[in-house]
Structure formats: structure tokens, C-alpha cells
Amino acid sequence: MIGPGIKRGTAELAVLSVLEEGPLHGYELARRIEQQTKGALRFTLAALYPMLYRMEQRRWIRGSWETGGNGRRRRCYRLTPEGKKKLSPIRQEWAELFHALRRLKKVSHG
Amino acid sequence: MVDWQKLVGQRLSGLALDAAEKDEVHAELAAHLEDFYESLRTKGLSEQAAIQQTLAQVANWPDLRRKILIAKKGRDFMKKRLHQLWIPGFLTFILSTVFLMTLQKLGFQPRIVGDGPNAILFCAPWLESLLFVGALGAYLSSRAGGSRGAALFASVFPVLALTTAFLLMFGST
């Protein structure tokens, strides 16, 4: 299980990556991240929405109300062009970090 | 069956957003809780266990309210509120209290209106000073860019604080 400090940093990358696949509402987004990371990243409501609202304020994502097949209204988030632009450097940063960590013998043996 | 919308509305009461935005937040969080609850029920959890696990999604509602506000309005908003509301408000309160203590030290005797347990100490110079202290609070709030409401709150803060203290004292006796 990944600790909260590292999780915080990866959370935005996870949200942007999943939204890159298509628009999702908050609950589905959290479920999809949990599924794709095999439970390593899990968001409670309290952790998810402040982050989504913050990302919306930065214009990385945009939320809009949509009615689903079951007639329920849900606020769906989609990636904006700015969010798409942001995704690539964030991915790069994390890739560099993992690459650097792999170079450390102690970490790779740990 | 839990009314999630009502529950979120109650737990996030006081969220300082405009009415439409607040309703949207309430509806969105309620929908999330509803989906979460239903998924647990589908997995076979009892109603009570599902409700408990759903409620555990938020351990600290006041903290969530604060985080949502910061996320929606930015950290600057909290800083502005401090400068426009709380600093002028507490300053007026401190000034009025210090002035009252000074009057007492100088030997000023307040007039006693009424008698028995309902007697009220009436300190005219202090009451008059509240006008100036309140005006100062309103000025400081306005200077920091505060709205009329914020300026008004800052100016009447000592009255609100003392009235609350008064009511608490009388309420406890």
C-alpha cells in the first residue's frame, strides 16, 4: 500500500490520466483509479472532491451536469486542453523520479 | 433510507459559497455517497453496515468544508476574510474592552438602572465610544476591500460578542 505523502503527489496524475480516457463523474473516477491501480490508490470522498475542485479552478478539468441512462444527474469531469498539456510534463516528472529511484541501489534492493 | 442530500446539506452547513454553487456541491457529494452506498448494498452489506461505511468516507466534515472552500475560492480568499472580517472584528472588541477597563481604573462609576437581580450597569461614555470603535472597525474592513456586510460585522463585533457573553451568563443562572 502506498503511503499518504506519495499518494498526494500522484493523485493529480492519476485523475488526469483516467480522465484522458473519457469523461467520468467523481464516484466512477475514484472507482476506476482504484481498479486500475489494483487498490493501491484509493480516494475517499473527502480526498477526491477538494482536489477535483482545485483542478477545475486551474482549468485542467471541467465539470458539467449530465443525465445518465438511469435518469440520474451526475457531474461529469472531462479533461480540458490545458489539462492535456499539463499531463505530459507531470508524467515526465514522475518518470524521471522513478528512473532516479531505480538508479539508487538501496532503493531498488528495498 | 438515508436522505444523502439532506445529510450533506446539514454537515456542510455554513459553506461560504453562493447559493447556487453550494447546492451544486451538496448535490454532487450526495450523489457520490448514494452511489457508494448502493455499491456496498450490491455487494451484500446490510443497510446499517453500508450506511456506516458510507459515512466513513468523510471523517471530518468541518475540515472537508474548509478544503472545499479553499479549493473553490483559493487560499487568498481565506487571507482576505481574515483581513476584512476577523482582524477588524477582534480589534474593535479588544479596543472596547480595554476602554471599559480603563474607565473602571480611572474610577468612573457606571449608573445602575433598575434594581435587584435585573439591575443593569449603564456606562454612557463606554457606549458612546462603541460608535467610534465600530466606525474604526468598519473603516479597517473597507480598507482591506471588505464588503458592506463585512464592514458591518466588524463594526458590531463587540456588541455581538458581549451580547453572546451576556446571554450565556444569564442562561447559566
# chains A, B, ... in the order shown; residues from 1 in each chain; ligands from 1
call {"tool": "closest_atom_pairs", "arguments": {"of": "chain A", "to": "chain B", "cutoff": "10 Å", "atoms": "only C-alpha atoms", "output": "JSON lines"}}
result
{"residue": "A:His25", "atom": "CA", "partner": "B:His32", "partner_atom": "CA", "distance": 8.6}
{"residue": "A:Gly26", "atom": "CA", "partner": "B:His32", "partner_atom": "CA", "distance": 6.8}
{"residue": "A:Tyr27", "atom": "CA", "partner": "B:His32", "partner_atom": "CA", "distance": 5.3}
{"residue": "A:Glu28", "atom": "CA", "partner": "B:His32", "partner_atom": "CA", "distance": 8.7}
{"residue": "A:Ala30", "atom": "CA", "partner": "B:His32", "partner_atom": "CA", "distance": 9.9}
{"residue": "A:Arg31", "atom": "CA", "partner": "B:Phe36", "partner_atom": "CA", "distance": 9.5}
{"residue": "A:Phe43", "atom": "CA", "partner": "B:Gln57", "partner_atom": "CA", "distance": 8.9}
{"residue": "A:Thr44", "atom": "CA", "partner": "B:Gln57", "partner_atom": "CA", "distance": 5.2}
{"residue": "A:Leu45", "atom": "CA", "partner": "B:Gln57", "partner_atom": "CA", "distance": 5.6}
{"residue": "A:Ala46", "atom": "CA", "partner": "B:Val58", "partner_atom": "CA", "distance": 5.3}
{"residue": "A:Ala47", "atom": "CA", "partner": "B:Leu64", "partner_atom": "CA", "distance": 8.3}
{"residue": "A:Tyr49", "atom": "CA", "partner": "B:Ile68", "partner_atom": "CA", "distance": 7.4}
{"residue": "A:Pro50", "atom": "CA", "partner": "B:Ile68", "partner_atom": "CA", "distance": 4.9}
{"residue": "A:Met51", "atom": "CA", "partner": "B:Ala71", "partner_atom": "CA", "distance": 7.2}
{"residue": "A:Leu52", "atom": "CA", "partner": "B:Ala71", "partner_atom": "CA", "distance": 8.4}
{"residue": "A:Tyr53", "atom": "CA", "partner": "B:Ala71", "partner_atom": "CA", "distance": 5.6}
{"residue": "A:Arg54", "atom": "CA", "partner": "B:Ala71", "partner_atom": "CA", "distance": 4.5}
{"residue": "A:Met55", "atom": "CA", "partner": "B:Ala71", "partner_atom": "CA", "distance": 8.3}
{"residue": "A:Glu56", "atom": "CA", "partner": "B:Lys72", "partner_atom": "CA", "distance": 8.4}
{"residue": "A:Gln57", "atom": "CA", "partner": "B:Lys72", "partner_atom": "CA", "distance": 6.6}
{"residue": "A:Arg58", "atom": "CA", "partner": "B:Ala71", "partner_atom": "CA", "distance": 9.7}
{"residue": "A:Trp65", "atom": "CA", "partner": "B:Glu28", "partner_atom": "CA", "distance": 9.2}
{"residue": "A:Arg72", "atom": "CA", "partner": "B:Ala31", "partner_atom": "CA", "distance": 8.8}
{"residue": "A:Arg73", "atom": "CA", "partner": "B:Ala31", "partner_atom": "CA", "distance": 8.2}
{"residue": "A:Arg74", "atom": "CA", "partner": "B:Glu28", "partner_atom": "CA", "distance": 6.8}
{"residue": "A:Arg75", "atom": "CA", "partner": "B:Glu28", "partner_atom": "CA", "distance": 6.4}
{"residue": "A:Cys76", "atom": "CA", "partner": "B:Glu28", "partner_atom": "CA", "distance": 9.7}
call {"tool": "write_last_selection", "arguments": {"atoms": "C-alpha atoms", "output": "tab-separated table (two decimals), in the first residue's frame"}}
result
chain	number	residue	atom	x	y	z
A	25	HIS	CA	-18.25	11.57	-12.60
A	26	GLY	CA	-16.49	11.65	-9.23
A	27	TYR	CA	-17.58	8.29	-7.89
A	28	GLU	CA	-16.79	6.48	-11.14
A	30	ALA	CA	-12.46	7.09	-7.86
A	31	ARG	CA	-13.65	3.55	-8.65
A	43	PHE	CA	-9.78	8.04	-2.80
A	44	THR	CA	-12.38	8.81	-0.21
A	45	LEU	CA	-14.94	11.49	-0.98
A	46	ALA	CA	-13.12	13.84	1.41
A	47	ALA	CA	-9.86	13.46	-0.51
A	49	TYR	CA	-13.58	16.49	-4.27
A	50	PRO	CA	-11.31	19.24	-2.89
A	51	MET	CA	-8.73	18.00	-5.42
A	52	LEU	CA	-11.24	17.96	-8.29
A	53	TYR	CA	-12.42	21.48	-7.42
A	54	ARG	CA	-8.84	22.70	-7.23
A	55	MET	CA	-8.04	21.17	-10.61
A	56	GLU	CA	-11.20	22.73	-12.00
A	57	GLN	CA	-10.13	26.15	-10.72
A	58	ARG	CA	-6.78	25.66	-12.50
A	65	TRP	CA	-24.08	18.07	-15.09
A	72	ARG	CA	-29.72	10.25	-12.51
A	73	ARG	CA	-27.90	13.54	-12.76
A	74	ARG	CA	-24.19	13.36	-12.14
A	75	ARG	CA	-21.46	15.97	-12.50
A	76	CYS	CA	-19.05	14.64	-15.11
call {"tool": "select_by_dssp", "arguments": {"residues": "region 32-90 of chain A", "states": "strand (DSSP E or B)", "output": "list of chain:residue names"}}
result
A:Ile61, A:Arg62, A:Gly63, A:Ser64, A:Trp65, A:Glu66, A:Thr67, A:Arg73, A:Arg74, A:Arg75, A:Cys76, A:Tyr77, A:Arg78, A:Leu79
call {"tool": "residues_around", "arguments": {"residues": "Gln36 (chain A)", "least_positions_apart": "5", "cutoff": "10 Å", "atoms": "only C-alpha atoms", "output": "list in words"}}
result
Ala14, Val18, Arg31 and Leu41 of chain A
call {"tool": "residues_around", "arguments": {"residues": "Leu12 (chain B)", "least_positions_apart": "3", "cutoff": "8 Å", "atoms": "only C-alpha atoms", "output": "PyMOL selection string"}}
result
chain B and resi 8-9+15+26+61-62+65
call {"tool": "write_last_selection", "arguments": {"atoms": "N, CA, C and O atoms", "output": "PDB file, in the first residue's frame"}}
result
ATOM      1  N   VAL B   8     -25.745  15.794   3.628  1.00  0.00           N
ATOM      2  CA  VAL B   8     -24.606  16.614   3.188  1.00  0.00           C
ATOM      3  C   VAL B   8     -24.889  18.086   3.489  1.00  0.00           C
ATOM      4  O   VAL B   8     -24.019  18.808   3.988  1.00  0.00           O
ATOM      5  N   GLY B   9     -26.122  18.516   3.215  1.00  0.00           N
ATOM      6  CA  GLY B   9     -26.510  19.901   3.491  1.00  0.00           C
ATOM      7  C   GLY B   9     -26.304  20.271   4.955  1.00  0.00           C
ATOM      8  O   GLY B   9     -25.789  21.339   5.277  1.00  0.00           O
ATOM      9  N   LEU B  15     -21.052  26.487   4.593  1.00  0.00           N
ATOM     10  CA  LEU B  15     -20.073  26.549   3.493  1.00  0.00           C
ATOM     11  C   LEU B  15     -20.263  27.897   2.788  1.00  0.00           C
ATOM     12  O   LEU B  15     -21.333  28.168   2.246  1.00  0.00           O
ATOM     13  N   HIS B  26     -23.447  20.292  -2.750  1.00  0.00           N
ATOM     14  CA  HIS B  26     -24.260  19.361  -1.944  1.00  0.00           C
ATOM     15  C   HIS B  26     -24.779  18.216  -2.818  1.00  0.00           C
ATOM     16  O   HIS B  26     -24.688  17.043  -2.447  1.00  0.00           O
ATOM     17  N   TRP B  61     -16.030  16.514   8.737  1.00  0.00           N
ATOM     18  CA  TRP B  61     -16.824  17.376   7.842  1.00  0.00           C
ATOM     19  C   TRP B  61     -16.383  18.842   7.879  1.00  0.00           C
ATOM     20  O   TRP B  61     -16.299  19.479   6.820  1.00  0.00           O
ATOM     21  N   PRO B  62     -16.091  19.410   9.059  1.00  0.00           N
ATOM     22  CA  PRO B  62     -15.619  20.808   9.042  1.00  0.00           C
ATOM     23  C   PRO B  62     -14.337  20.978   8.239  1.00  0.00           C
ATOM     24  O   PRO B  62     -14.148  21.981   7.550  1.00  0.00           O
ATOM     25  N   ARG B  65     -15.257  20.940   4.614  1.00  0.00           N
ATOM     26  CA  ARG B  65     -15.867  22.239   4.269  1.00  0.00           C
ATOM     27  C   ARG B  65     -14.774  23.277   4.011  1.00  0.00           C
ATOM     28  O   ARG B  65     -14.830  24.026   3.044  1.00  0.00           O
TER      29      ARG B  65
END
call {"tool": "select_by_dssp", "arguments": {"residues": "region 10-106 of chain A", "states": "alpha helix (DSSP H)", "output": "CSV table (one decimal) with N, CA, C and O atoms, in the first residue's frame"}}
result
chain,number,residue,atom,x,y,z
A,10,THR,N,0.8,11.8,-6.4
A,10,THR,CA,0.4,11.0,-7.6
A,10,THR,C,-1.1,11.2,-7.9
A,10,THR,O,-1.5,10.9,-9.0
A,11,ALA,N,-1.8,11.8,-7.0
A,11,ALA,CA,-3.3,11.9,-7.2
A,11,ALA,C,-3.7,12.7,-8.4
A,11,ALA,O,-4.5,12.2,-9.2
A,12,GLU,N,-3.1,13.8,-8.6
A,12,GLU,CA,-3.4,14.6,-9.8
A,12,GLU,C,-3.1,13.9,-11.1
A,12,GLU,O,-3.9,13.9,-12.0
A,13,LEU,N,-1.9,13.2,-11.1
A,13,LEU,CA,-1.6,12.5,-12.3
A,13,LEU,C,-2.6,11.4,-12.6
A,13,LEU,O,-3.0,11.1,-13.7
A,14,ALA,N,-3.0,10.7,-11.5
A,14,ALA,CA,-4.0,9.6,-11.6
A,14,ALA,C,-5.3,10.2,-12.2
A,14,ALA,O,-5.9,9.6,-13.1
A,15,VAL,N,-5.8,11.3,-11.7
A,15,VAL,CA,-7.0,11.8,-12.1
A,15,VAL,C,-6.9,12.2,-13.6
A,15,VAL,O,-7.8,11.9,-14.4
A,16,LEU,N,-5.9,13.0,-13.9
A,16,LEU,CA,-5.7,13.4,-15.3
A,16,LEU,C,-5.6,12.2,-16.3
A,16,LEU,O,-6.2,12.2,-17.4
A,17,SER,N,-4.8,11.2,-15.9
A,17,SER,CA,-4.6,10.0,-16.7
A,17,SER,C,-6.0,9.3,-17.0
A,17,SER,O,-6.2,8.9,-18.1
A,18,VAL,N,-6.7,9.1,-15.9
A,18,VAL,CA,-8.0,8.4,-16.1
A,18,VAL,C,-9.0,9.3,-17.0
A,18,VAL,O,-9.7,8.7,-17.8
A,19,LEU,N,-9.0,10.6,-16.7
A,19,LEU,CA,-9.9,11.4,-17.5
A,19,LEU,C,-9.5,11.5,-19.0
A,19,LEU,O,-10.3,11.9,-19.8
A,20,GLU,N,-8.2,11.2,-19.2
A,20,GLU,CA,-7.8,11.2,-20.6
A,20,GLU,C,-8.5,10.2,-21.4
A,20,GLU,O,-8.7,10.3,-22.6
A,26,GLY,N,-17.4,11.9,-10.3
A,26,GLY,CA,-16.5,11.7,-9.2
A,26,GLY,C,-16.4,10.2,-8.7
A,26,GLY,O,-15.3,9.7,-8.6
A,27,TYR,N,-17.6,9.6,-8.5
A,27,TYR,CA,-17.6,8.3,-7.9
A,27,TYR,C,-16.9,7.3,-8.8
A,27,TYR,O,-16.1,6.5,-8.4
A,28,GLU,N,-17.3,7.4,-10.1
A,28,GLU,CA,-16.8,6.5,-11.1
A,28,GLU,C,-15.3,6.7,-11.3
A,28,GLU,O,-14.5,5.7,-11.5
A,29,LEU,N,-14.9,7.9,-11.2
A,29,LEU,CA,-13.4,8.3,-11.4
A,29,LEU,C,-12.6,7.6,-10.2
A,29,LEU,O,-11.6,7.0,-10.5
A,30,ALA,N,-13.1,7.7,-9.0
A,30,ALA,CA,-12.5,7.1,-7.9
A,30,ALA,C,-12.4,5.6,-8.0
A,30,ALA,O,-11.4,4.9,-7.7
A,31,ARG,N,-13.5,5.0,-8.5
A,31,ARG,CA,-13.6,3.5,-8.7
A,31,ARG,C,-12.7,3.1,-9.7
A,31,ARG,O,-12.0,2.1,-9.6
A,32,ARG,N,-12.6,3.8,-10.8
A,32,ARG,CA,-11.7,3.5,-11.9
A,32,ARG,C,-10.2,3.5,-11.5
A,32,ARG,O,-9.5,2.6,-11.8
A,33,ILE,N,-9.9,4.5,-10.7
A,33,ILE,CA,-8.5,4.7,-10.3
A,33,ILE,C,-8.1,3.5,-9.4
A,33,ILE,O,-7.1,2.9,-9.5
A,34,GLU,N,-9.1,3.2,-8.5
A,34,GLU,CA,-8.8,2.1,-7.5
A,34,GLU,C,-8.7,0.8,-8.3
A,34,GLU,O,-7.7,0.0,-8.0
A,35,GLN,N,-9.5,0.6,-9.3
A,35,GLN,CA,-9.5,-0.6,-10.1
A,35,GLN,C,-8.2,-0.8,-10.9
A,35,GLN,O,-7.5,-1.8,-10.8
A,36,GLN,N,-7.8,0.3,-11.6
A,36,GLN,CA,-6.6,0.3,-12.4
A,36,GLN,C,-5.3,0.2,-11.7
A,36,GLN,O,-4.3,-0.3,-12.2
A,45,LEU,N,-14.3,10.3,-0.5
A,45,LEU,CA,-14.9,11.5,-1.0
A,45,LEU,C,-14.2,12.7,-0.5
A,45,LEU,O,-14.0,13.7,-1.2
A,46,ALA,N,-13.8,12.7,0.8
A,46,ALA,CA,-13.1,13.8,1.4
A,46,ALA,C,-11.8,14.2,0.7
A,46,ALA,O,-11.4,15.3,0.7
A,47,ALA,N,-11.1,13.2,0.2
A,47,ALA,CA,-9.9,13.5,-0.5
A,47,ALA,C,-10.1,13.8,-2.0
A,47,ALA,O,-9.3,14.7,-2.5
A,48,LEU,N,-11.1,13.3,-2.6
A,48,LEU,CA,-11.3,13.5,-4.0
A,48,LEU,C,-11.8,14.8,-4.4
A,48,LEU,O,-11.2,15.5,-5.3
A,49,TYR,N,-12.9,15.3,-3.8
A,49,TYR,CA,-13.6,16.5,-4.3
A,49,TYR,C,-12.8,17.8,-4.1
A,49,TYR,O,-12.7,18.6,-5.0
A,50,PRO,N,-12.1,18.0,-2.9
A,50,PRO,CA,-11.3,19.2,-2.9
A,50,PRO,C,-10.3,19.3,-4.0
A,50,PRO,O,-10.0,20.3,-4.6
A,51,MET,N,-9.7,18.1,-4.3
A,51,MET,CA,-8.7,18.0,-5.4
A,51,MET,C,-9.4,18.3,-6.8
A,51,MET,O,-8.8,19.1,-7.6
A,52,LEU,N,-10.6,17.7,-7.0
A,52,LEU,CA,-11.2,18.0,-8.3
A,52,LEU,C,-11.6,19.4,-8.4
A,52,LEU,O,-11.4,20.0,-9.5
A,53,TYR,N,-12.1,20.1,-7.4
A,53,TYR,CA,-12.4,21.5,-7.4
A,53,TYR,C,-11.2,22.4,-7.7
A,53,TYR,O,-11.2,23.4,-8.4
A,54,ARG,N,-10.1,21.9,-7.0
A,54,ARG,CA,-8.8,22.7,-7.2
A,54,ARG,C,-8.4,22.6,-8.7
A,54,ARG,O,-8.0,23.6,-9.3
A,55,MET,N,-8.5,21.4,-9.2
A,55,MET,CA,-8.0,21.2,-10.6
A,55,MET,C,-9.0,21.9,-11.6
A,55,MET,O,-8.6,22.4,-12.6
A,56,GLU,N,-10.2,22.0,-11.2
A,56,GLU,CA,-11.2,22.7,-12.0
A,56,GLU,C,-10.9,24.2,-12.0
A,56,GLU,O,-11.0,24.9,-13.0
A,57,GLN,N,-10.5,24.7,-10.8
A,57,GLN,CA,-10.1,26.1,-10.7
A,57,GLN,C,-8.9,26.5,-11.6
A,57,GLN,O,-8.8,27.5,-12.2
A,81,PRO,N,-8.1,21.2,-22.8
A,81,PRO,CA,-6.9,21.3,-23.5
A,81,PRO,C,-5.7,21.6,-22.6
A,81,PRO,O,-4.6,21.1,-22.7
A,82,GLU,N,-6.0,22.5,-21.6
A,82,GLU,CA,-4.9,22.9,-20.6
A,82,GLU,C,-4.5,21.7,-19.8
A,82,GLU,O,-3.3,21.5,-19.5
A,83,GLY,N,-5.5,20.9,-19.4
A,83,GLY,CA,-5.2,19.7,-18.6
A,83,GLY,C,-4.4,18.7,-19.4
A,83,GLY,O,-3.5,18.0,-18.9
A,84,LYS,N,-4.7,18.6,-20.7
A,84,LYS,CA,-4.0,17.7,-21.6
A,84,LYS,C,-2.5,18.1,-21.6
A,84,LYS,O,-1.6,17.3,-21.6
A,85,LYS,N,-2.3,19.4,-21.7
A,85,LYS,CA,-1.0,20.0,-21.8
A,85,LYS,C,-0.2,19.7,-20.5
A,85,LYS,O,1.0,19.5,-20.5
A,86,LYS,N,-0.9,19.8,-19.4
A,86,LYS,CA,-0.3,19.6,-18.1
A,86,LYS,C,0.1,18.1,-17.9
A,86,LYS,O,1.1,17.9,-17.2
A,87,LEU,N,-0.7,17.2,-18.4
A,87,LEU,CA,-0.5,15.8,-18.2
A,87,LEU,C,0.9,15.3,-18.6
A,87,LEU,O,1.6,14.6,-17.9
A,88,SER,N,1.4,15.8,-19.7
A,88,SER,CA,2.7,15.3,-20.3
A,88,SER,C,3.8,15.7,-19.3
A,88,SER,O,4.6,14.8,-19.0
A,89,PRO,N,4.0,17.0,-18.9
A,89,PRO,CA,5.1,17.3,-18.0
A,89,PRO,C,5.0,16.6,-16.7
A,89,PRO,O,6.0,16.2,-16.1
A,90,ILE,N,3.8,16.4,-16.2
A,90,ILE,CA,3.7,15.7,-14.9
A,90,ILE,C,4.1,14.2,-15.0
A,90,ILE,O,4.9,13.7,-14.2
A,91,ARG,N,3.7,13.6,-16.1
A,91,ARG,CA,4.2,12.2,-16.4
A,91,ARG,C,5.7,12.2,-16.5
A,91,ARG,O,6.3,11.3,-16.0
A,92,GLN,N,6.2,13.2,-17.2
A,92,GLN,CA,7.7,13.2,-17.4
A,92,GLN,C,8.4,13.3,-16.0
A,92,GLN,O,9.4,12.6,-15.7
A,93,GLU,N,7.9,14.2,-15.1
A,93,GLU,CA,8.4,14.4,-13.8
A,93,GLU,C,8.5,13.1,-13.0
A,93,GLU,O,9.5,12.7,-12.4
A,94,TRP,N,7.3,12.4,-13.1
A,94,TRP,CA,7.2,11.1,-12.3
A,94,TRP,C,8.1,10.0,-12.9
A,94,TRP,O,8.8,9.3,-12.2
A,95,ALA,N,8.2,10.0,-14.2
A,95,ALA,CA,9.1,9.1,-14.9
A,95,ALA,C,10.5,9.3,-14.5
A,95,ALA,O,11.3,8.4,-14.2
A,96,GLU,N,10.9,10.6,-14.4
A,96,GLU,CA,12.3,10.9,-14.0
A,96,GLU,C,12.6,10.5,-12.6
A,96,GLU,O,13.6,10.0,-12.3
A,97,LEU,N,11.5,10.7,-11.7
A,97,LEU,CA,11.7,10.4,-10.3
A,97,LEU,C,11.9,8.9,-10.2
A,97,LEU,O,12.8,8.4,-9.5
A,98,PHE,N,11.0,8.1,-10.9
A,98,PHE,CA,11.1,6.6,-10.8
A,98,PHE,C,12.5,6.1,-11.3
A,98,PHE,O,13.1,5.2,-10.8
A,99,HIS,N,12.9,6.8,-12.4
A,99,HIS,CA,14.2,6.4,-13.1
A,99,HIS,C,15.3,6.7,-12.1
A,99,HIS,O,16.2,5.8,-11.9
A,100,ALA,N,15.2,7.8,-11.4
A,100,ALA,CA,16.3,8.2,-10.4
A,100,ALA,C,16.3,7.2,-9.3
A,100,ALA,O,17.3,6.8,-8.8
A,101,LEU,N,15.1,6.9,-8.8
A,101,LEU,CA,15.0,5.9,-7.7
A,101,LEU,C,15.6,4.5,-8.1
A,101,LEU,O,16.2,3.9,-7.3
A,102,ARG,N,15.3,4.2,-9.3
A,102,ARG,CA,15.8,2.8,-9.8
A,102,ARG,C,17.3,2.8,-9.8
A,102,ARG,O,17.9,1.8,-9.6
A,103,ARG,N,17.9,4.0,-10.0
A,103,ARG,CA,19.4,4.1,-10.1
A,103,ARG,C,20.0,3.9,-8.7
A,103,ARG,O,21.1,3.6,-8.5
A,105,LYS,N,20.8,2.0,-5.7
A,105,LYS,CA,20.9,0.6,-5.4
A,105,LYS,C,20.0,0.3,-4.2
A,105,LYS,O,19.3,-0.7,-4.2
A,106,LYS,N,20.2,1.1,-3.1
A,106,LYS,CA,19.5,0.8,-1.9
A,106,LYS,C,18.0,0.7,-2.1
A,106,LYS,O,17.3,-0.2,-1.6
call {"tool": "atom_distance", "arguments": {"atom1": "CA of Pro158 (chain B)", "atom2": "CA of Glu128 (chain B)"}}
result
13.0 Å
call {"tool": "residues_around", "arguments": {"residues": "Ser155 (chain B)", "least_positions_apart": "4", "cutoff": "8 Å", "atoms": "only C-alpha atoms", "output": "list in words"}}
result
Pro88, Gly89, Thr92, Val133, Gly134, Ala135, Leu136, Gly137, Ala138 and Ala151 of chain B
call {"tool": "write_last_selection", "arguments": {"atoms": "N, CA and C atoms", "output": "compact mmCIF listing (two decimals), in the first residue's frame"}}
result
# COMPACT_ATOMS: atom_id res chain seq x y z
N PRO B 88 -10.33 43.20 11.90
CA PRO B 88 -11.07 44.39 12.35
C PRO B 88 -12.07 44.05 13.47
N GLY B 89 -12.71 42.89 13.37
CA GLY B 89 -13.69 42.49 14.37
C GLY B 89 -13.07 42.35 15.75
N THR B 92 -11.85 45.76 17.23
CA THR B 92 -12.91 46.57 17.85
C THR B 92 -13.26 45.99 19.22
N VAL B 133 -15.36 53.16 17.93
CA VAL B 133 -14.64 51.90 17.77
C VAL B 133 -15.23 51.11 16.60
N GLY B 134 -16.55 51.09 16.53
CA GLY B 134 -17.24 50.40 15.43
C GLY B 134 -16.90 51.01 14.09
N ALA B 135 -16.86 52.35 14.07
CA ALA B 135 -16.52 53.05 12.83
C ALA B 135 -15.10 52.69 12.39
N LEU B 136 -14.20 52.58 13.39
CA LEU B 136 -12.81 52.21 13.08
C LEU B 136 -12.76 50.80 12.48
N GLY B 137 -13.52 49.89 13.08
CA GLY B 137 -13.58 48.51 12.57
C GLY B 137 -14.09 48.48 11.14
N ALA B 138 -15.15 49.25 10.89
CA ALA B 138 -15.74 49.30 9.54
C ALA B 138 -14.75 49.89 8.55
N ALA B 151 -17.91 44.92 6.69
CA ALA B 151 -17.67 46.14 7.47
C ALA B 151 -18.66 46.25 8.62
call {"tool": "atom_distance", "arguments": {"atom1": "CA of Ser141 (chain B)", "atom2": "CA of Leu160 (chain B)"}}
result
16.7 Å
call {"tool": "atom_distance", "arguments": {"atom1": "CA of Thr163 (chain B)", "atom2": "CA of Gly14 (chain B)"}}
result
21.7 Å
